[in-house]
$ cat input.pdb   # PDB, C-alpha atoms, pLDDT in the B column
ATOM      1  CA  MET B   1      27.500   7.149 -16.357  1.00 44.00           C
ATOM      2  CA  ALA B   2      24.690   5.528 -18.384  1.00 56.00           C
ATOM      3  CA  ASP B   3      21.102   6.374 -17.592  1.00 74.00           C
ATOM      4  CA  GLN B   4      19.271   3.940 -15.367  1.00 89.00           C
ATOM      5  CA  ARG B   5      16.982   1.374 -17.012  1.00 94.00           C
ATOM      6  CA  PHE B   6      13.368   1.050 -15.884  1.00 96.00           C
ATOM      7  CA  VAL B   7      10.445  -1.307 -16.372  1.00 96.00           C
ATOM      8  CA  THR B   8       7.169   0.453 -15.588  1.00 95.00           C
ATOM      9  CA  TYR B   9       4.219  -1.333 -13.999  1.00 92.00           C
ATOM     10  CA  TYR B  10       0.695   0.115 -13.786  1.00 90.00           C
ATOM     11  CA  ARG B  11      -2.413  -1.337 -12.196  1.00 85.00           C
ATOM     12  CA  VAL B  12      -6.106  -0.583 -12.691  1.00 81.00           C
ATOM     13  CA  SER B  13      -8.979  -2.322 -10.945  1.00 71.00           C
ATOM     14  CA  THR B  14     -11.406  -3.017 -13.788  1.00 61.00           C
ATOM     15  CA  ASP B  15     -11.507  -3.572 -17.532  1.00 52.00           C
ATOM     16  CA  ARG B  16     -13.510  -0.360 -17.855  1.00 51.00           C
ATOM     17  CA  GLN B  17     -10.771   1.621 -16.121  1.00 46.00           C
ATOM     18  CA  GLY B  18      -8.218   0.029 -18.417  1.00 44.00           C
ATOM     19  CA  ARG B  19     -10.145   1.021 -21.531  1.00 47.00           C
ATOM     20  CA  SER B  20     -11.056   4.525 -20.359  1.00 45.00           C
ATOM     21  CA  GLY B  21      -7.684   5.381 -18.819  1.00 48.00           C
ATOM     22  CA  LEU B  22      -9.388   6.231 -15.507  1.00 48.00           C
ATOM     23  CA  GLY B  23      -6.669   6.048 -12.868  1.00 75.00           C
ATOM     24  CA  LEU B  24      -4.067   5.091 -15.441  1.00 84.00           C
ATOM     25  CA  GLU B  25      -3.539   8.678 -16.569  1.00 86.00           C
ATOM     26  CA  ALA B  26      -2.624   9.791 -13.053  1.00 86.00           C
ATOM     27  CA  GLN B  27      -0.196   6.898 -12.708  1.00 89.00           C
ATOM     28  CA  ARG B  28       1.484   7.758 -16.000  1.00 91.00           C
ATOM     29  CA  GLU B  29       1.780  11.383 -14.907  1.00 91.00           C
ATOM     30  CA  ALA B  30       3.455  10.358 -11.631  1.00 90.00           C
ATOM     31  CA  VAL B  31       5.924   8.138 -13.503  1.00 93.00           C
ATOM     32  CA  GLY B  32       6.585  10.898 -16.032  1.00 92.00           C
ATOM     33  CA  GLN B  33       7.383  13.377 -13.264  1.00 92.00           C
ATOM     34  CA  TYR B  34       9.759  10.912 -11.624  1.00 92.00           C
ATOM     35  CA  LEU B  35      11.565  10.249 -14.904  1.00 92.00           C
ATOM     36  CA  ALA B  36      11.876  13.976 -15.546  1.00 91.00           C
ATOM     37  CA  ALA B  37      13.797  14.305 -12.287  1.00 90.00           C
ATOM     38  CA  HIS B  38      15.650  10.994 -12.612  1.00 89.00           C
ATOM     39  CA  PRO B  39      16.504  10.464 -16.298  1.00 86.00           C
ATOM     40  CA  GLY B  40      16.434   6.894 -17.466  1.00 89.00           C
ATOM     41  CA  ALA B  41      15.377   4.593 -20.272  1.00 93.00           C
ATOM     42  CA  VAL B  42      12.062   2.751 -20.042  1.00 95.00           C
ATOM     43  CA  ILE B  43      12.735  -0.622 -21.667  1.00 95.00           C
ATOM     44  CA  ALA B  44       9.300  -2.192 -21.082  1.00 96.00           C
ATOM     45  CA  GLU B  45       5.848  -1.338 -19.784  1.00 95.00           C
ATOM     46  CA  PHE B  46       3.224  -3.597 -18.184  1.00 93.00           C
ATOM     47  CA  LEU B  47      -0.422  -2.905 -17.365  1.00 90.00           C
ATOM     48  CA  GLU B  48      -2.274  -5.114 -14.888  1.00 87.00           C
ATOM     49  CA  VAL B  49      -6.077  -5.193 -14.853  1.00 82.00           C
ATOM     50  CA  GLU B  50      -7.123  -6.911 -11.649  1.00 71.00           C
ATOM     51  CA  SER B  51     -10.267  -6.818  -9.582  1.00 54.00           C
ATOM     52  CA  GLY B  52     -10.282  -5.967  -5.895  1.00 46.00           C
ATOM     53  CA  GLY B  53      -9.357  -8.885  -3.691  1.00 50.00           C
ATOM     54  CA  LYS B  54      -7.566 -10.781  -6.445  1.00 56.00           C
ATOM     55  CA  ASP B  55      -3.963 -11.555  -5.579  1.00 61.00           C
ATOM     56  CA  ASP B  56      -2.815 -13.169  -8.825  1.00 69.00           C
ATOM     57  CA  ARG B  57      -0.568 -10.707 -10.688  1.00 78.00           C
ATOM     58  CA  PRO B  58       0.670 -12.308 -13.944  1.00 86.00           C
ATOM     59  CA  LYS B  59       1.732  -8.952 -15.434  1.00 88.00           C
ATOM     60  CA  LEU B  60       3.726  -8.187 -12.296  1.00 84.00           C
ATOM     61  CA  ARG B  61       5.558 -11.477 -12.678  1.00 86.00           C
ATOM     62  CA  ASP B  62       6.257 -10.607 -16.320  1.00 92.00           C
ATOM     63  CA  ALA B  63       7.529  -7.175 -15.275  1.00 92.00           C
ATOM     64  CA  LEU B  64       9.909  -8.711 -12.723  1.00 89.00           C
ATOM     65  CA  VAL B  65      11.256 -11.116 -15.345  1.00 92.00           C
ATOM     66  CA  ALA B  66      11.815  -8.160 -17.707  1.00 95.00           C
ATOM     67  CA  CYS B  67      13.691  -6.321 -14.948  1.00 93.00           C
ATOM     68  CA  GLN B  68      15.982  -9.277 -14.346  1.00 91.00           C
ATOM     69  CA  ARG B  69      16.674  -9.809 -18.026  1.00 93.00           C
ATOM     70  CA  GLY B  70      17.260  -6.143 -18.730  1.00 93.00           C
ATOM     71  CA  LYS B  71      19.059  -5.340 -15.459  1.00 92.00           C
ATOM     72  CA  ALA B  72      16.380  -2.726 -14.842  1.00 94.00           C
ATOM     73  CA  THR B  73      14.580  -1.201 -11.873  1.00 92.00           C
ATOM     74  CA  LEU B  74      10.843  -1.745 -11.430  1.00 92.00           C
ATOM     75  CA  LEU B  75       9.107   1.645 -11.451  1.00 92.00           C
ATOM     76  CA  ILE B  76       5.574   1.900 -10.057  1.00 89.00           C
ATOM     77  CA  ALA B  77       3.401   4.967  -9.630  1.00 87.00           C
ATOM     78  CA  LYS B  78       1.766   4.180  -6.299  1.00 78.00           C
ATOM     79  CA  LEU B  79       2.906   1.902  -3.512  1.00 73.00           C
ATOM     80  CA  ASP B  80      -0.187   2.292  -1.327  1.00 62.00           C
ATOM     81  CA  ARG B  81      -2.639  -0.261  -2.714  1.00 57.00           C
ATOM     82  CA  LEU B  82       0.031  -2.440  -4.302  1.00 62.00           C
ATOM     83  CA  ALA B  83       1.979  -2.847  -1.107  1.00 59.00           C
ATOM     84  CA  ARG B  84      -1.174  -3.884   0.737  1.00 59.00           C
ATOM     85  CA  SER B  85      -1.379  -6.906  -1.567  1.00 64.00           C
ATOM     86  CA  VAL B  86       0.332  -9.914  -0.042  1.00 65.00           C
ATOM     87  CA  ALA B  87       0.934 -11.257  -3.563  1.00 65.00           C
ATOM     88  CA  PHE B  88       2.712  -8.072  -4.653  1.00 69.00           C
ATOM     89  CA  ILE B  89       4.975  -8.122  -1.627  1.00 72.00           C
ATOM     90  CA  ALA B  90       5.725 -11.830  -1.979  1.00 71.00           C
ATOM     91  CA  ASN B  91       6.609 -11.502  -5.659  1.00 72.00           C
ATOM     92  CA  LEU B  92       8.826  -8.486  -5.089  1.00 74.00           C
ATOM     93  CA  MET B  93      10.572  -9.862  -2.035  1.00 73.00           C
ATOM     94  CA  ASP B  94      11.267 -13.200  -3.755  1.00 75.00           C
ATOM     95  CA  SER B  95      12.950 -11.444  -6.647  1.00 76.00           C
ATOM     96  CA  SER B  96      16.298  -9.656  -6.580  1.00 77.00           C
ATOM     97  CA  THR B  97      14.789  -6.683  -8.389  1.00 84.00           C
ATOM     98  CA  ASP B  98      15.283  -3.127  -7.213  1.00 86.00           C
ATOM     99  CA  PHE B  99      12.166  -0.981  -7.219  1.00 85.00           C
ATOM    100  CA  VAL B 100      11.064   2.635  -6.913  1.00 87.00           C
ATOM    101  CA  ALA B 101       7.577   3.851  -5.990  1.00 85.00           C
ATOM    102  CA  CYS B 102       6.947   7.379  -7.249  1.00 86.00           C
ATOM    103  CA  ASP B 103       4.651   8.249  -4.324  1.00 79.00           C
ATOM    104  CA  MET B 104       7.039   6.825  -1.712  1.00 78.00           C
ATOM    105  CA  PRO B 105      10.577   6.723  -3.142  1.00 80.00           C
ATOM    106  CA  GLN B 106      12.091   6.188   0.305  1.00 75.00           C
ATOM    107  CA  ALA B 107      10.395   2.778   0.638  1.00 74.00           C
ATOM    108  CA  THR B 108      12.877  -0.027   1.218  1.00 73.00           C
ATOM    109  CA  ARG B 109      12.643  -3.801   1.465  1.00 69.00           C
ATOM    110  CA  LEU B 110      12.424  -3.393   5.246  1.00 72.00           C
ATOM    111  CA  VAL B 111       9.382  -1.151   4.763  1.00 74.00           C
ATOM    112  CA  LEU B 112       7.830  -3.851   2.562  1.00 70.00           C
ATOM    113  CA  HIS B 113       8.381  -6.428   5.295  1.00 69.00           C
ATOM    114  CA  VAL B 114       6.574  -4.159   7.756  1.00 72.00           C
ATOM    115  CA  MET B 115       3.746  -3.494   5.314  1.00 68.00           C
ATOM    116  CA  ALA B 116       3.414  -7.220   4.640  1.00 64.00           C
ATOM    117  CA  ALA B 117       2.941  -7.834   8.353  1.00 69.00           C
ATOM    118  CA  PHE B 118       0.396  -5.004   8.515  1.00 68.00           C
ATOM    119  CA  ALA B 119      -1.495  -6.347   5.492  1.00 62.00           C
ATOM    120  CA  GLU B 120      -1.640  -9.889   6.830  1.00 66.00           C
ATOM    121  CA  HIS B 121      -2.804  -8.789  10.275  1.00 67.00           C
ATOM    122  CA  GLU B 122      -5.335  -6.344   8.864  1.00 63.00           C
ATOM    123  CA  ARG B 123      -6.842  -8.992   6.605  1.00 62.00           C
ATOM    124  CA  GLN B 124      -7.272 -11.324   9.556  1.00 65.00           C
ATOM    125  CA  VAL B 125      -8.828  -8.664  11.758  1.00 64.00           C
ATOM    126  CA  ILE B 126     -11.145  -7.405   9.023  1.00 59.00           C
ATOM    127  CA  GLY B 127     -12.185 -10.929   8.099  1.00 60.00           C
ATOM    128  CA  GLU B 128     -13.021 -11.923  11.661  1.00 65.00           C
ATOM    129  CA  ARG B 129     -14.828  -8.729  12.641  1.00 61.00           C
ATOM    130  CA  THR B 130     -16.688  -8.372   9.349  1.00 56.00           C
ATOM    131  CA  LYS B 131     -17.894 -11.965   9.566  1.00 61.00           C
ATOM    132  CA  ALA B 132     -19.197 -11.299  13.075  1.00 64.00           C
ATOM    133  CA  ALA B 133     -20.821  -8.024  12.000  1.00 60.00           C
ATOM    134  CA  LEU B 134     -22.537  -9.674   9.042  1.00 58.00           C
ATOM    135  CA  ALA B 135     -23.819 -12.514  11.222  1.00 64.00           C
ATOM    136  CA  ALA B 136     -25.194 -10.043  13.767  1.00 64.00           C
ATOM    137  CA  ALA B 137     -26.804  -7.937  11.041  1.00 57.00           C
ATOM    138  CA  LYS B 138     -28.387 -11.015   9.478  1.00 61.00           C
ATOM    139  CA  ALA B 139     -29.757 -12.083  12.872  1.00 66.00           C
ATOM    140  CA  ARG B 140     -31.401  -8.654  13.196  1.00 63.00           C
ATOM    141  CA  GLY B 141     -33.043  -9.121   9.820  1.00 61.00           C
ATOM    142  CA  VAL B 142     -30.823  -6.638   7.978  1.00 54.00           C
ATOM    143  CA  ARG B 143     -30.624  -7.116   4.215  1.00 55.00           C
ATOM    144  CA  LEU B 144     -26.913  -7.702   3.751  1.00 50.00           C
ATOM    145  CA  GLY B 145     -25.075  -5.708   1.103  1.00 53.00           C
ATOM    146  CA  ALA B 146     -27.169  -2.616   1.645  1.00 48.00           C
ATOM    147  CA  ASN B 147     -26.280  -1.738   5.208  1.00 48.00           C
ATOM    148  CA  GLY B 148     -23.866   1.118   5.848  1.00 51.00           C
ATOM    149  CA  ALA B 149     -23.262   0.085   9.444  1.00 51.00           C
ATOM    150  CA  VAL B 150     -21.737  -3.208   8.330  1.00 47.00           C
ATOM    151  CA  LEU B 151     -19.372  -1.404   5.963  1.00 47.00           C
ATOM    152  CA  ALA B 152     -18.472   1.048   8.713  1.00 49.00           C
ATOM    153  CA  GLU B 153     -17.606  -1.862  11.001  1.00 50.00           C
ATOM    154  CA  HIS B 154     -15.415  -3.297   8.256  1.00 46.00           C
ATOM    155  CA  HIS B 155     -13.459  -0.042   7.971  1.00 52.00           C
ATOM    156  CA  LYS B 156     -13.246   0.387  11.738  1.00 56.00           C
ATOM    157  CA  ALA B 157     -11.750  -3.082  12.156  1.00 56.00           C
ATOM    158  CA  GLY B 158      -9.025  -2.392   9.614  1.00 57.00           C
ATOM    159  CA  ALA B 159      -8.133   0.966  11.154  1.00 64.00           C
ATOM    160  CA  ALA B 160      -7.962  -0.507  14.654  1.00 71.00           C
ATOM    161  CA  GLY B 161      -5.757  -3.362  13.474  1.00 71.00           C
ATOM    162  CA  TYR B 162      -3.327  -0.997  11.796  1.00 77.00           C
ATOM    163  CA  ALA B 163      -3.171   1.237  14.879  1.00 78.00           C
ATOM    164  CA  HIS B 164      -2.300  -1.813  16.966  1.00 76.00           C
ATOM    165  CA  GLN B 165       0.540  -2.753  14.602  1.00 77.00           C
ATOM    166  CA  ILE B 166       2.056   0.742  14.479  1.00 82.00           C
ATOM    167  CA  ALA B 167       1.808   1.245  18.274  1.00 84.00           C
ATOM    168  CA  PRO B 168       5.363  -0.027  19.064  1.00 82.00           C
ATOM    169  CA  ALA B 169       6.843   2.517  16.621  1.00 85.00           C
ATOM    170  CA  ILE B 170       4.821   5.316  18.242  1.00 88.00           C
ATOM    171  CA  ARG B 171       5.986   4.263  21.704  1.00 85.00           C
ATOM    172  CA  ALA B 172       9.584   4.229  20.465  1.00 84.00           C
ATOM    173  CA  ALA B 173       9.171   7.716  19.003  1.00 86.00           C
ATOM    174  CA  ARG B 174       7.813   9.001  22.309  1.00 88.00           C
ATOM    175  CA  ALA B 175      10.635   7.353  24.237  1.00 86.00           C
ATOM    176  CA  ALA B 176      13.063   9.191  21.954  1.00 84.00           C
ATOM    177  CA  GLY B 177      11.479  12.521  22.870  1.00 87.00           C
ATOM    178  CA  ALA B 178       8.641  12.971  20.361  1.00 89.00           C
ATOM    179  CA  GLN B 179       5.683  14.513  22.185  1.00 86.00           C
ATOM    180  CA  THR B 180       3.519  16.353  19.681  1.00 93.00           C
ATOM    181  CA  THR B 181       1.658  14.696  16.828  1.00 92.00           C
ATOM    182  CA  GLN B 182       3.953  16.528  14.374  1.00 92.00           C
ATOM    183  CA  GLN B 183       7.051  15.156  16.106  1.00 92.00           C
ATOM    184  CA  ILE B 184       5.614  11.640  16.090  1.00 92.00           C
ATOM    185  CA  ALA B 185       4.731  12.004  12.392  1.00 91.00           C
ATOM    186  CA  ASN B 186       8.278  13.139  11.641  1.00 89.00           C
ATOM    187  CA  ALA B 187       9.720  10.146  13.509  1.00 87.00           C
ATOM    188  CA  LEU B 188       7.501   7.651  11.660  1.00 87.00           C
ATOM    189  CA  ASN B 189       8.357   9.235   8.304  1.00 84.00           C
ATOM    190  CA  ARG B 190      12.094   9.145   9.075  1.00 83.00           C
ATOM    191  CA  ALA B 191      11.743   5.449   9.902  1.00 78.00           C
ATOM    192  CA  GLY B 192      10.132   4.887   6.507  1.00 76.00           C
ATOM    193  CA  LEU B 193       6.924   3.539   8.035  1.00 79.00           C
ATOM    194  CA  PRO B 194       3.802   4.200   5.923  1.00 79.00           C
ATOM    195  CA  SER B 195       0.448   5.436   7.107  1.00 81.00           C
ATOM    196  CA  ARG B 196      -2.541   3.115   6.757  1.00 75.00           C
ATOM    197  CA  GLN B 197      -3.165   4.578   3.282  1.00 72.00           C
ATOM    198  CA  GLY B 198       0.435   3.855   2.301  1.00 71.00           C
ATOM    199  CA  GLY B 199       1.566   7.490   2.314  1.00 78.00           C
ATOM    200  CA  ARG B 200       3.253   9.856   4.740  1.00 85.00           C
ATOM    201  CA  TRP B 201       2.300  10.586   8.322  1.00 90.00           C
ATOM    202  CA  HIS B 202       0.827  13.962   9.294  1.00 91.00           C
ATOM    203  CA  PRO B 203      -0.459  15.309  12.624  1.00 92.00           C
ATOM    204  CA  ALA B 204      -4.050  14.485  11.624  1.00 91.00           C
ATOM    205  CA  ASN B 205      -3.543  10.775  10.916  1.00 88.00           C
ATOM    206  CA  VAL B 206      -1.249  10.438  13.935  1.00 92.00           C
ATOM    207  CA  ALA B 207      -4.007  11.921  16.112  1.00 92.00           C
ATOM    208  CA  ARG B 208      -6.586   9.501  14.674  1.00 89.00           C
ATOM    209  CA  THR B 209      -4.260   6.579  15.334  1.00 88.00           C
ATOM    210  CA  LEU B 210      -3.658   7.695  18.931  1.00 89.00           C
ATOM    211  CA  ARG B 211      -7.418   7.923  19.512  1.00 87.00           C
ATOM    212  CA  ARG B 212      -7.881   4.396  18.160  1.00 83.00           C
ATOM    213  CA  LEU B 213      -5.124   3.079  20.428  1.00 80.00           C
ATOM    214  CA  HIS B 214      -7.049   4.331  23.462  1.00 71.00           C
ATOM    215  CA  HIS B 215      -9.966   2.123  22.410  1.00 49.00           C
ATOM    216  CA  ILE B 216      -8.060  -1.060  21.540  1.00 43.00           C
TER
END
$ encode --input "input.pdb" --output "structure tokens"
Amino acid sequence: MADQRFVTYYRVSTDRQGRSGLGLEAQREAVGQYLAAHPGAVIAEFLEVESGGKDDRPKLRDALVACQRGKATLLIAKLDRLARSVAFIANLMDSSTDFVACDMPQATRLVLHVMAAFAEHERQVIGERTKAALAAAKARGVRLGANGAVLAEHHKAGAAGYAHQIAPAIRAARAAGAQTTQQIANALNRAGLPSRQGGRWHPANVARTLRRLHHI
């Protein structure tokens, strides 16, 4: 049987990271380790330099076209930040391209659907709560952009929103007999559901999520 064909896609946040290799080296190492365990031919490579908050991914579109033309699988190093981009999910779901994420190889199209819903909801919650926090800080005379409490509120809103979205899966795990945080983590991992950071569940992040649910 012929080796599988891959198109690799890397992403860095700034031009400086692209020039220095900061972040890119770790991604290449992850891809290299995957290819060592799953031999295949890399037929094309694409590097995206995009700033935070920017959804346009021209190199991703080029990579998907290359996959379709070469009958190849899209290979990415990390699903976490990419899958939290609505643009990434939309592009991938609209294509017929298979994909593998080195940090979460069990991710499926169903997982992407779930993560898309999480990302959309989290953006809405963060936007609404951050806007309110900034308005309140401004009213108190706080110099915006230099206030840690505002940033903390931003993070808190995102974490609470994600906990709310994952709550039905936690309830289902408990109904199936999962009682400890380890058992709940195992159930969420078996279901292919990512943690808020896009990785695997562990007792610690399950416990944090349960605490947040008590305050929602």
$ resolve_selection --input "input.pdb" --expression "the PyMOL selection byres ((chain B and resi 44) around 9)" --output "PDB file with C-alpha atoms, in the frame of the given file"
ATOM      1  CA  PHE B   6      13.368   1.050 -15.884  1.00 96.00           C
ATOM      2  CA  VAL B   7      10.445  -1.307 -16.372  1.00 96.00           C
ATOM      3  CA  THR B   8       7.169   0.453 -15.588  1.00 95.00           C
ATOM      4  CA  TYR B   9       4.219  -1.333 -13.999  1.00 92.00           C
ATOM      5  CA  VAL B  42      12.062   2.751 -20.042  1.00 95.00           C
ATOM      6  CA  ILE B  43      12.735  -0.622 -21.667  1.00 95.00           C
ATOM      7  CA  GLU B  45       5.848  -1.338 -19.784  1.00 95.00           C
ATOM      8  CA  PHE B  46       3.224  -3.597 -18.184  1.00 93.00           C
ATOM      9  CA  ALA B  63       7.529  -7.175 -15.275  1.00 92.00           C
ATOM     10  CA  ALA B  66      11.815  -8.160 -17.707  1.00 95.00           C
ATOM     11  CA  CYS B  67      13.691  -6.321 -14.948  1.00 93.00           C
TER      12      CYS B  67
END
$ resolve_selection --input "input.pdb" --expression "the PyMOL selection byres ((chain B and resi 192-208) around 8)" --output "list in words"
Leu79, Asp80, Arg81, Ala83, Asp103, Met104, Gln106, Ala107, Thr108, Val111, Val114, Met115, Ala159, Tyr162, Thr181, Gln182, Ile184, Ala185, Asn186, Leu188, Asn189, Arg190, Ala191, Thr209, Leu210, Arg211 and Arg212 of chain B
$ residues_around --input "input.pdb" --residues "range 58-61 of chain B" --least-positions-apart "2" --cutoff "12 Å" --atoms "all atoms listed in the file" --output "PDB file with C-alpha atoms, in the coordinates of the input"
ATOM      1  CA  VAL B   7      10.445  -1.307 -16.372  1.00 96.00           C
ATOM      2  CA  THR B   8       7.169   0.453 -15.588  1.00 95.00           C
ATOM      3  CA  TYR B   9       4.219  -1.333 -13.999  1.00 92.00           C
ATOM      4  CA  TYR B  10       0.695   0.115 -13.786  1.00 90.00           C
ATOM      5  CA  ARG B  11      -2.413  -1.337 -12.196  1.00 85.00           C
ATOM      6  CA  VAL B  12      -6.106  -0.583 -12.691  1.00 81.00           C
ATOM      7  CA  ALA B  44       9.300  -2.192 -21.082  1.00 96.00           C
ATOM      8  CA  GLU B  45       5.848  -1.338 -19.784  1.00 95.00           C
ATOM      9  CA  PHE B  46       3.224  -3.597 -18.184  1.00 93.00           C
ATOM     10  CA  LEU B  47      -0.422  -2.905 -17.365  1.00 90.00           C
ATOM     11  CA  GLU B  48      -2.274  -5.114 -14.888  1.00 87.00           C
ATOM     12  CA  VAL B  49      -6.077  -5.193 -14.853  1.00 82.00           C
ATOM     13  CA  GLU B  50      -7.123  -6.911 -11.649  1.00 71.00           C
ATOM     14  CA  LYS B  54      -7.566 -10.781  -6.445  1.00 56.00           C
ATOM     15  CA  ASP B  55      -3.963 -11.555  -5.579  1.00 61.00           C
ATOM     16  CA  ASP B  56      -2.815 -13.169  -8.825  1.00 69.00           C
ATOM     17  CA  ALA B  63       7.529  -7.175 -15.275  1.00 92.00           C
ATOM     18  CA  LEU B  64       9.909  -8.711 -12.723  1.00 89.00           C
ATOM     19  CA  VAL B  65      11.256 -11.116 -15.345  1.00 92.00           C
ATOM     20  CA  ALA B  66      11.815  -8.160 -17.707  1.00 95.00           C
ATOM     21  CA  CYS B  67      13.691  -6.321 -14.948  1.00 93.00           C
ATOM     22  CA  GLN B  68      15.982  -9.277 -14.346  1.00 91.00           C
ATOM     23  CA  LEU B  74      10.843  -1.745 -11.430  1.00 92.00           C
ATOM     24  CA  LEU B  75       9.107   1.645 -11.451  1.00 92.00           C
ATOM     25  CA  ILE B  76       5.574   1.900 -10.057  1.00 89.00           C
ATOM     26  CA  LEU B  82       0.031  -2.440  -4.302  1.00 62.00           C
ATOM     27  CA  SER B  85      -1.379  -6.906  -1.567  1.00 64.00           C
ATOM     28  CA  ALA B  87       0.934 -11.257  -3.563  1.00 65.00           C
ATOM     29  CA  PHE B  88       2.712  -8.072  -4.653  1.00 69.00           C
ATOM     30  CA  ILE B  89       4.975  -8.122  -1.627  1.00 72.00           C
ATOM     31  CA  ALA B  90       5.725 -11.830  -1.979  1.00 71.00           C
ATOM     32  CA  ASN B  91       6.609 -11.502  -5.659  1.00 72.00           C
ATOM     33  CA  LEU B  92       8.826  -8.486  -5.089  1.00 74.00           C
ATOM     34  CA  MET B  93      10.572  -9.862  -2.035  1.00 73.00           C
ATOM     35  CA  ASP B  94      11.267 -13.200  -3.755  1.00 75.00           C
ATOM     36  CA  SER B  95      12.950 -11.444  -6.647  1.00 76.00           C
ATOM     37  CA  THR B  97      14.789  -6.683  -8.389  1.00 84.00           C
TER      38      THR B  97
END
$ atom_distance --input "input.pdb" --atom1 "CA of Leu213 in chain B" --atom2 "CA of Lys78 in chain B"
27.6 Å
$ atom_distance --input "input.pdb" --atom1 "CA of Arg28 in chain B" --atom2 "CA of Arg5 in chain B"
16.8 Å
$ residues_around --input "input.pdb" --residues "Gly32 in chain B" --least-positions-apart "6" --cutoff "10 Å" --atoms "all atoms listed in the file" --output "list in words"
Ala26, His38, Pro39, Ala77 and Cys102 of chain B
$ axis_aligned_box --input "input.pdb" --around "range 208-213 of chain B" --padding-each-side "5 Å" --output "lines of an AutoDock Vina configuration file"
center_x = -5.8
center_y = 6.3
center_z = 17.6
size_x = 14.2
size_y = 16.4
size_z = 15.8
$ atom_distance --input "input.pdb" --atom1 "CA of Pro105 in chain B" --atom2 "CA of Tyr34 in chain B"
9.5 Å
